[in-house]
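Structure file work_34.cif with mmCIF, C-alpha atoms and all ligand atoms:
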```cif
data_input
loop_
_atom_site.group_PDB
_atom_site.id
_atom_site.type_symbol
_atom_site.label_atom_id
_atom_site.label_comp_id
_atom_site.auth_asym_id
_atom_site.auth_seq_id
_atom_site.Cartn_x
_atom_site.Cartn_y
_atom_site.Cartn_z
ATOM 1 C CA MET H 11 0.000 0.000 0.000
ATOM 2 C CA ALA H 12 1.234 3.498 -0.800
ATOM 3 C CA SER H 13 -1.493 5.731 0.565
ATOM 4 C CA THR H 14 -5.214 5.919 0.053
ATOM 5 C CA ILE H 15 -7.805 8.635 0.623
ATOM 6 C CA THR H 16 -11.541 8.040 0.595
ATOM 7 C CA PRO H 17 -12.835 10.392 -2.137
ATOM 8 C CA ALA H 18 -16.305 10.611 -0.639
ATOM 9 C CA ALA H 19 -14.955 12.701 2.202
ATOM 10 C CA ALA H 20 -13.269 15.272 -0.047
ATOM 11 C CA SER H 21 -14.403 18.880 0.103
ATOM 12 C CA THR H 22 -13.031 22.332 -0.647
ATOM 13 C CA PRO H 23 -11.255 23.433 2.509
ATOM 14 C CA SER H 24 -11.064 26.983 3.720
ATOM 15 C CA SER H 25 -8.710 26.092 6.570
ATOM 16 C CA ARG H 26 -7.021 23.145 8.211
ATOM 17 C CA PRO H 27 -9.055 20.834 10.448
ATOM 18 C CA ARG H 28 -8.114 20.853 14.106
ATOM 19 C CA ALA H 29 -6.116 17.643 14.194
ATOM 20 C CA LEU H 30 -4.602 15.337 16.805
ATOM 21 C CA LEU H 31 -2.120 12.522 16.155
ATOM 22 C CA VAL H 32 -1.955 9.616 18.590
ATOM 23 C CA TYR H 33 0.878 7.193 17.917
ATOM 24 C CA LYS H 34 3.356 4.651 19.292
ATOM 25 C CA SER H 35 6.912 4.482 18.003
ATOM 26 C CA VAL H 36 9.240 2.288 20.057
ATOM 27 C CA HIS H 37 11.869 0.713 17.776
ATOM 28 C CA HIS H 38 13.821 3.442 15.924
ATOM 29 C CA GLN H 39 11.395 6.386 16.129
ATOM 30 C CA ASN H 40 10.511 5.706 12.480
ATOM 31 C CA THR H 41 6.822 6.340 13.004
ATOM 32 C CA ALA H 42 7.593 9.414 15.094
ATOM 33 C CA LYS H 43 9.471 10.910 12.111
ATOM 34 C CA VAL H 44 6.442 10.359 9.883
ATOM 35 C CA ALA H 45 4.129 11.731 12.575
ATOM 36 C CA HIS H 46 6.146 14.932 12.867
ATOM 37 C CA GLU H 47 5.997 15.509 9.095
ATOM 38 C CA ILE H 48 2.237 14.962 9.031
ATOM 39 C CA ALA H 49 1.787 17.142 12.115
ATOM 40 C CA GLY H 50 3.787 19.923 10.485
ATOM 41 C CA VAL H 51 1.442 20.036 7.495
ATOM 42 C CA LEU H 52 -1.727 19.781 9.566
ATOM 43 C CA GLY H 53 -0.606 21.962 12.452
ATOM 44 C CA ALA H 54 -1.581 18.969 14.567
ATOM 45 C CA GLU H 55 -0.799 18.166 18.167
ATOM 46 C CA CYS H 56 0.895 14.815 18.919
ATOM 47 C CA ALA H 57 0.370 12.481 21.859
ATOM 48 C CA SER H 58 0.948 8.915 22.946
ATOM 49 C CA PRO H 59 -2.113 6.886 23.960
ATOM 50 C CA ALA H 60 -1.105 7.320 27.613
ATOM 51 C CA GLU H 61 -1.129 11.098 27.155
ATOM 52 C CA CYS H 62 -4.543 11.081 25.566
ATOM 53 C CA PRO H 63 -7.524 10.413 27.805
ATOM 54 C CA TYR H 64 -10.595 10.171 25.603
ATOM 55 C CA ALA H 65 -12.026 13.421 26.957
ATOM 56 C CA ARG H 66 -9.126 15.183 25.214
ATOM 57 C CA LEU H 67 -10.677 14.325 21.840
ATOM 58 C CA ALA H 68 -13.488 16.826 22.314
ATOM 59 C CA GLY H 69 -13.210 19.664 19.819
ATOM 60 C CA TYR H 70 -10.876 17.945 17.369
ATOM 61 C CA GLU H 71 -11.961 17.583 13.754
ATOM 62 C CA LEU H 72 -9.456 14.981 12.566
ATOM 63 C CA LEU H 73 -7.662 12.126 14.311
ATOM 64 C CA GLY H 74 -4.488 10.451 13.041
ATOM 65 C CA ILE H 75 -3.528 7.071 14.477
ATOM 66 C CA GLY H 76 0.010 5.817 13.917
ATOM 67 C CA SER H 77 2.246 2.921 14.872
ATOM 68 C CA GLY H 78 5.189 0.801 13.959
ATOM 69 C CA VAL H 79 4.251 -2.790 13.183
ATOM 70 C CA TYR H 80 5.336 -5.383 15.723
ATOM 71 C CA TYR H 81 4.732 -9.095 15.111
ATOM 72 C CA GLY H 82 2.201 -8.305 12.432
ATOM 73 C CA ARG H 83 0.185 -5.853 14.479
ATOM 74 C CA PRO H 84 0.138 -2.236 15.554
ATOM 75 C CA HIS H 85 1.538 -1.573 19.029
ATOM 76 C CA GLU H 86 -0.717 -3.217 21.631
ATOM 77 C CA GLU H 87 -1.059 -0.038 23.698
ATOM 78 C CA LEU H 88 -2.320 1.865 20.667
ATOM 79 C CA LEU H 89 -4.665 -0.936 19.673
ATOM 80 C CA GLN H 90 -6.150 -1.074 23.160
ATOM 81 C CA TRP H 91 -6.595 2.691 23.110
ATOM 82 C CA VAL H 92 -8.427 2.487 19.778
ATOM 83 C CA ARG H 93 -10.585 -0.359 21.067
ATOM 84 C CA GLY H 94 -11.579 1.817 24.009
ATOM 85 C CA LEU H 95 -12.582 4.849 21.938
ATOM 86 C CA PRO H 96 -16.005 6.058 22.965
ATOM 87 C CA ASP H 97 -18.456 6.046 20.063
ATOM 88 C CA VAL H 98 -19.640 9.544 21.007
ATOM 89 C CA TYR H 99 -17.002 11.135 18.728
ATOM 90 C CA ALA H 100 -17.496 8.755 15.808
ATOM 91 C CA ARG H 101 -19.685 11.042 13.692
ATOM 92 C CA SER H 102 -17.593 14.164 14.159
ATOM 93 C CA LEU H 103 -14.074 12.762 14.079
ATOM 94 C CA PRO H 104 -12.788 11.239 10.843
ATOM 95 C CA VAL H 105 -9.678 9.115 11.268
ATOM 96 C CA PHE H 106 -6.582 8.349 9.240
ATOM 97 C CA ILE H 107 -4.034 5.616 9.860
ATOM 98 C CA PHE H 108 -0.271 5.706 9.304
ATOM 99 C CA THR H 109 2.330 2.997 9.878
ATOM 100 C CA THR H 110 5.976 2.235 9.271
ATOM 101 C CA SER H 111 7.109 -1.356 8.957
ATOM 102 C CA GLY H 112 9.713 -3.656 7.554
ATOM 103 C CA LEU H 113 7.275 -4.802 4.898
ATOM 104 C CA PRO H 114 4.886 -1.936 4.137
ATOM 105 C CA PHE H 115 3.518 -3.633 1.009
ATOM 106 C CA LEU H 116 1.618 -5.765 3.537
ATOM 107 C CA ALA H 117 0.058 -2.685 5.177
ATOM 108 C CA THR H 118 -3.414 -3.886 4.254
ATOM 109 C CA PHE H 119 -2.868 -6.660 6.798
ATOM 110 C CA TRP H 120 -1.044 -4.498 9.363
ATOM 111 C CA HIS H 121 -3.864 -1.918 9.355
ATOM 112 C CA ARG H 122 -6.688 -4.412 9.619
ATOM 113 C CA PRO H 123 -6.926 -4.654 13.447
ATOM 114 C CA LEU H 124 -7.115 -0.858 13.721
ATOM 115 C CA LYS H 125 -9.692 -0.604 10.955
ATOM 116 C CA GLN H 126 -11.818 -3.332 12.487
ATOM 117 C CA ALA H 127 -11.726 -1.660 15.914
ATOM 118 C CA LEU H 128 -12.617 1.720 14.408
ATOM 119 C CA ALA H 129 -15.412 0.305 12.276
ATOM 120 C CA SER H 130 -16.930 -1.438 15.273
ATOM 121 C CA LYS H 131 -17.305 1.980 16.924
ATOM 122 C CA GLY H 132 -18.628 3.677 13.799
ATOM 123 C CA TYR H 133 -15.504 5.721 12.990
ATOM 124 C CA GLU H 134 -14.790 6.487 9.338
ATOM 125 C CA VAL H 135 -11.241 5.901 8.078
ATOM 126 C CA ILE H 136 -10.624 8.561 5.423
ATOM 127 C CA GLY H 137 -7.021 7.746 4.574
ATOM 128 C CA GLU H 138 -4.148 5.324 5.086
ATOM 129 C CA PHE H 139 -0.400 5.809 4.762
ATOM 130 C CA ALA H 140 2.414 3.292 5.028
ATOM 131 C CA CYS H 141 6.125 3.451 4.380
ATOM 132 C CA ARG H 142 9.313 1.538 5.068
ATOM 133 C CA GLY H 143 10.941 1.828 8.473
ATOM 134 C CA PHE H 144 14.467 0.857 9.470
ATOM 135 C CA ASP H 145 14.217 -2.571 11.095
ATOM 136 C CA THR H 146 16.889 -4.281 13.166
ATOM 137 C CA TRP H 147 14.631 -6.749 14.899
ATOM 138 C CA GLY H 148 16.168 -10.097 15.872
ATOM 139 C CA PRO H 149 18.507 -11.643 13.300
ATOM 140 C CA LEU H 150 18.164 -8.625 11.001
ATOM 141 C CA TRP H 151 20.533 -6.842 13.358
ATOM 142 C CA LEU H 152 23.350 -9.186 12.247
ATOM 143 C CA SER H 153 23.036 -8.119 8.622
ATOM 144 C CA GLY H 154 22.824 -4.395 9.366
ATOM 145 C CA GLY H 155 19.054 -4.292 9.299
ATOM 146 C CA LEU H 156 16.311 -3.887 6.728
ATOM 147 C CA ASN H 157 15.315 -0.573 5.123
ATOM 148 C CA TRP H 158 18.484 1.276 6.097
ATOM 149 C CA ARG H 159 17.808 5.046 6.431
ATOM 150 C CA HIS H 160 14.020 4.710 6.037
ATOM 151 C CA PRO H 161 11.887 6.654 6.353
ATOM 152 C CA ASN H 162 14.042 8.683 3.977
ATOM 153 C CA GLU H 163 13.344 12.080 2.451
ATOM 154 C CA ARG H 164 11.214 10.524 -0.301
ATOM 155 C CA ASP H 165 9.085 8.716 2.309
ATOM 156 C CA LEU H 166 8.696 11.935 4.304
ATOM 157 C CA GLU H 167 7.759 13.855 1.162
ATOM 158 C CA ARG H 168 5.048 11.253 0.521
ATOM 159 C CA ALA H 169 3.898 11.660 4.122
ATOM 160 C CA ARG H 170 3.603 15.441 3.651
ATOM 161 C CA GLU H 171 1.650 14.947 0.427
ATOM 162 C CA PHE H 172 -0.638 12.486 2.196
ATOM 163 C CA ALA H 173 -1.175 14.993 5.006
ATOM 164 C CA GLY H 174 -2.137 17.660 2.483
ATOM 165 C CA ARG H 175 -4.744 15.380 0.944
ATOM 166 C CA VAL H 176 -6.106 14.230 4.273
ATOM 167 C CA ALA H 177 -6.390 17.854 5.407
ATOM 168 C CA HIS H 178 -8.777 18.464 2.498
ATOM 169 C CA ALA H 179 -10.749 15.334 3.260
ATOM 170 C CA GLY H 180 -10.961 16.136 6.964
ATOM 171 C CA ILE H 181 -12.382 19.648 6.681
ATOM 172 C CA PRO H 182 -15.906 19.600 8.115
ATOM 173 C CA THR H 183 -18.568 20.509 5.560
HETATM 174 C C1 LIG H 201 9.752 -6.706 17.819
HETATM 175 C C2 LIG H 201 9.547 -6.237 16.384
HETATM 176 C C3 LIG H 201 8.641 -6.905 15.574
HETATM 177 C C4 LIG H 201 8.445 -6.480 14.247
HETATM 178 N N1 LIG H 201 7.525 -7.125 13.476
HETATM 179 C C5 LIG H 201 7.312 -6.700 12.208
HETATM 180 C C6 LIG H 201 6.345 -7.353 11.400
HETATM 181 O O1 LIG H 201 5.658 -8.283 11.814
HETATM 182 N N2 LIG H 201 6.174 -6.915 10.119
HETATM 183 C C7 LIG H 201 6.913 -5.873 9.606
HETATM 184 O O2 LIG H 201 6.710 -5.517 8.438
HETATM 185 N N3 LIG H 201 7.817 -5.211 10.370
HETATM 186 C C8 LIG H 201 8.034 -5.601 11.656
HETATM 187 N N4 LIG H 201 8.952 -4.961 12.440
HETATM 188 C C9 LIG H 201 9.647 -3.762 11.894
HETATM 189 C C10 LIG H 201 9.011 -2.469 12.391
HETATM 190 O O3 LIG H 201 7.640 -2.430 12.053
HETATM 191 C C11 LIG H 201 9.701 -1.252 11.767
HETATM 192 O O4 LIG H 201 11.057 -1.218 12.134
HETATM 193 C C12 LIG H 201 8.997 0.014 12.173
HETATM 194 O O5 LIG H 201 9.418 1.069 11.348
HETATM 195 C C13 LIG H 201 9.244 0.363 13.628
HETATM 196 O O6 LIG H 201 8.635 1.587 13.916
HETATM 197 P P1 LIG H 201 9.112 2.505 15.121
HETATM 198 O O7 LIG H 201 10.575 2.852 14.911
HETATM 199 O O8 LIG H 201 8.228 3.706 15.011
HETATM 200 O O9 LIG H 201 8.859 1.724 16.366
HETATM 201 C C14 LIG H 201 9.171 -5.358 13.745
HETATM 202 C C15 LIG H 201 10.104 -4.712 14.585
HETATM 203 C C16 LIG H 201 10.283 -5.135 15.893
HETATM 204 C C17 LIG H 201 11.273 -4.402 16.768
#
```

Translate this structure into structure tokens?
Amino acid sequence: MASTITPAAASTPSSRPRALLVYKSVHHQNTAKVAHEIAGVLGAECASPAECPYARLAGYELLGIGSGVYYGRPHEELLQWVRGLPDVYARSLPVFIFTTSGLPFLATFWHRPLKQALASKGYEVIGEFACRGFDTWGPLWLSGGLNWRHPNERDLERAREFAGRVAHAGIPT
């Protein structure tokens, strides 16, 4: 997966949506780098799940959820946070997902648990982004790792472009 945006949510924006990014990045800060690029475009605030009690979501117009992929899944703390989202914000808070992983061409699978949890609460996923992240897990460390220097400038440029598109899609009509 490169990135996808749901066209149905597109509108002509007059300003940026008030956005919050909630993410976990524990291996090489790969996802944090992507989050900071997206946040820069959106003017978004960033938080970890632990820093984001659900009451903090009030007033936001767009929610970004990000994670590295660990054993085929997003970080467990993030997944539990998403599973606990109250449905009260579902109609007013469109969501996008972003991940970094060793194998981002499998992002359809990596994103599935998050998408299922969001769908079960009635949240709409308006965009998805995935890119390569430097990976030195286990035996990969011996060979110098996978995806050396990723996310690189090209990945971050794609993340900024994605953020620009998602900003349009996230503007309330
Ligand atoms: C314990 C562990 C398990 C991982 N499992 C996977 C995996 O199942 N699939 C994959 O594509 N990448 C996997 N990776 C690679 C990470 O997803 C990748 O390095 C990611 O960019 C880490 O993001 P972070 O630096 O934000 O934590 C794993 C890395 C670690 C440390």

Legend entry - Expansion of the PyMOL selection byres (((chain H and resi 43-50) around 8) and not hetatm) into residues, as a PyMOL selection string: chain H and resi 31+33+39-42+51-56+76+161+166+169-170+172-173

Inset, instruction - List all protein, DNA and RNA residues that have any atom at most 10 Å from ligand LIG 201 (chain H), counting only C-alpha atoms and all ligand atoms, and write the list as a ChimeraX atom specification. - result: /H:33-45,76-85,109-117,119-120,140-148,150,155-158,160-161

Legend entry - Sphere at (-7.3, 23.1, 9.7), radius 8 Å, counting all atoms listed in the file: residues as a PyMOL selection string: chain H and resi 25-29+52-53+177+181

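Distance check against Leu30 in chain H using all atoms listed in the file: of H:Phe139, H:Trp91, H:Tyr133, H:Phe106, the minimum falls on H:Phe106.
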
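Here CA of Val176 in chain H is placed at a distance of 9.4 Å from CA of Val105 in chain H.
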
Legend entry - Distance in Å - CA of Arg168 in chain H versus CA of Val92 in chain H: 25.1 Å

Atoms added to range 96-107 of chain H (all heavy atoms), reported as a compact mmCIF listing (two decimals), keeping the file's coordinate frame:
```txt
# COMPACT_ATOMS: atom_id res chain seq x y z
N PRO H 96 -14.56 5.95 22.80
CA PRO H 96 -16.00 6.06 22.96
C PRO H 96 -16.66 6.37 21.62
O PRO H 96 -16.10 7.11 20.80
CB PRO H 96 -16.16 7.24 23.94
CG PRO H 96 -14.90 8.02 23.82
CD PRO H 96 -13.83 7.09 23.36
N ASP H 97 -17.82 5.81 21.37
CA ASP H 97 -18.46 6.05 20.06
C ASP H 97 -19.05 7.45 19.94
O ASP H 97 -19.47 7.85 18.88
CB ASP H 97 -19.49 4.96 19.74
CG ASP H 97 -20.46 4.73 20.87
OD1 ASP H 97 -20.56 5.61 21.75
OD2 ASP H 97 -21.11 3.67 20.88
N VAL H 98 -19.03 8.22 21.03
CA VAL H 98 -19.64 9.54 21.01
C VAL H 98 -18.98 10.48 19.99
O VAL H 98 -19.62 11.38 19.45
CB VAL H 98 -19.62 10.17 22.43
CG1 VAL H 98 -18.21 10.42 22.91
CG2 VAL H 98 -20.42 11.46 22.47
N TYR H 99 -17.70 10.26 19.68
CA TYR H 99 -17.00 11.14 18.73
C TYR H 99 -17.07 10.61 17.29
O TYR H 99 -16.57 11.26 16.37
CB TYR H 99 -15.53 11.28 19.11
CG TYR H 99 -15.29 11.84 20.49
CD1 TYR H 99 -14.71 11.06 21.49
CD2 TYR H 99 -15.65 13.16 20.81
CE1 TYR H 99 -14.49 11.57 22.76
CE2 TYR H 99 -15.44 13.66 22.09
CZ TYR H 99 -14.86 12.86 23.05
OH TYR H 99 -14.64 13.36 24.31
N ALA H 100 -17.63 9.44 17.10
CA ALA H 100 -17.50 8.76 15.81
C ALA H 100 -18.01 9.59 14.63
O ALA H 100 -17.40 9.60 13.56
CB ALA H 100 -18.21 7.41 15.86
N ARG H 101 -19.09 10.31 14.82
CA ARG H 101 -19.68 11.04 13.69
C ARG H 101 -18.95 12.33 13.38
O ARG H 101 -19.06 12.86 12.27
CB ARG H 101 -21.16 11.32 13.98
CG ARG H 101 -21.98 10.05 13.99
CD ARG H 101 -23.44 10.32 14.19
NE ARG H 101 -24.01 11.12 13.11
CZ ARG H 101 -25.30 11.41 13.01
NH1 ARG H 101 -26.14 10.96 13.92
NH2 ARG H 101 -25.74 12.14 12.02
N SER H 102 -18.23 12.86 14.34
CA SER H 102 -17.59 14.16 14.16
C SER H 102 -16.09 14.08 13.97
O SER H 102 -15.43 15.10 13.74
CB SER H 102 -17.89 15.05 15.37
OG SER H 102 -17.39 14.44 16.56
N LEU H 103 -15.53 12.89 14.06
CA LEU H 103 -14.07 12.76 14.08
C LEU H 103 -13.59 11.73 13.05
O LEU H 103 -13.40 10.55 13.38
CB LEU H 103 -13.63 12.35 15.49
CG LEU H 103 -12.16 12.51 15.85
CD1 LEU H 103 -11.69 13.95 15.68
CD2 LEU H 103 -11.92 12.03 17.27
N PRO H 104 -13.37 12.17 11.81
CA PRO H 104 -12.79 11.24 10.84
C PRO H 104 -11.37 10.87 11.25
O PRO H 104 -10.68 11.64 11.92
CB PRO H 104 -12.80 12.03 9.52
CG PRO H 104 -12.95 13.45 9.90
CD PRO H 104 -13.62 13.50 11.24
N VAL H 105 -10.96 9.68 10.82
CA VAL H 105 -9.68 9.12 11.27
C VAL H 105 -8.83 8.75 10.06
O VAL H 105 -9.34 8.31 9.03
CB VAL H 105 -9.95 7.84 12.11
CG1 VAL H 105 -8.63 7.22 12.57
CG2 VAL H 105 -10.83 8.17 13.31
N PHE H 106 -7.51 8.95 10.20
CA PHE H 106 -6.58 8.35 9.24
C PHE H 106 -5.55 7.53 10.00
O PHE H 106 -5.30 7.75 11.19
CB PHE H 106 -5.94 9.39 8.31
CG PHE H 106 -5.05 10.38 8.99
CD1 PHE H 106 -3.70 10.13 9.16
CD2 PHE H 106 -5.56 11.61 9.42
CE1 PHE H 106 -2.87 11.06 9.77
CE2 PHE H 106 -4.74 12.54 10.04
CZ PHE H 106 -3.39 12.27 10.21
N ILE H 107 -4.98 6.57 9.27
CA ILE H 107 -4.03 5.62 9.86
C ILE H 107 -2.69 5.77 9.16
O ILE H 107 -2.65 5.93 7.93
CB ILE H 107 -4.55 4.17 9.68
CG1 ILE H 107 -5.82 3.94 10.50
CG2 ILE H 107 -3.47 3.15 10.06
CD1 ILE H 107 -6.53 2.63 10.18
```
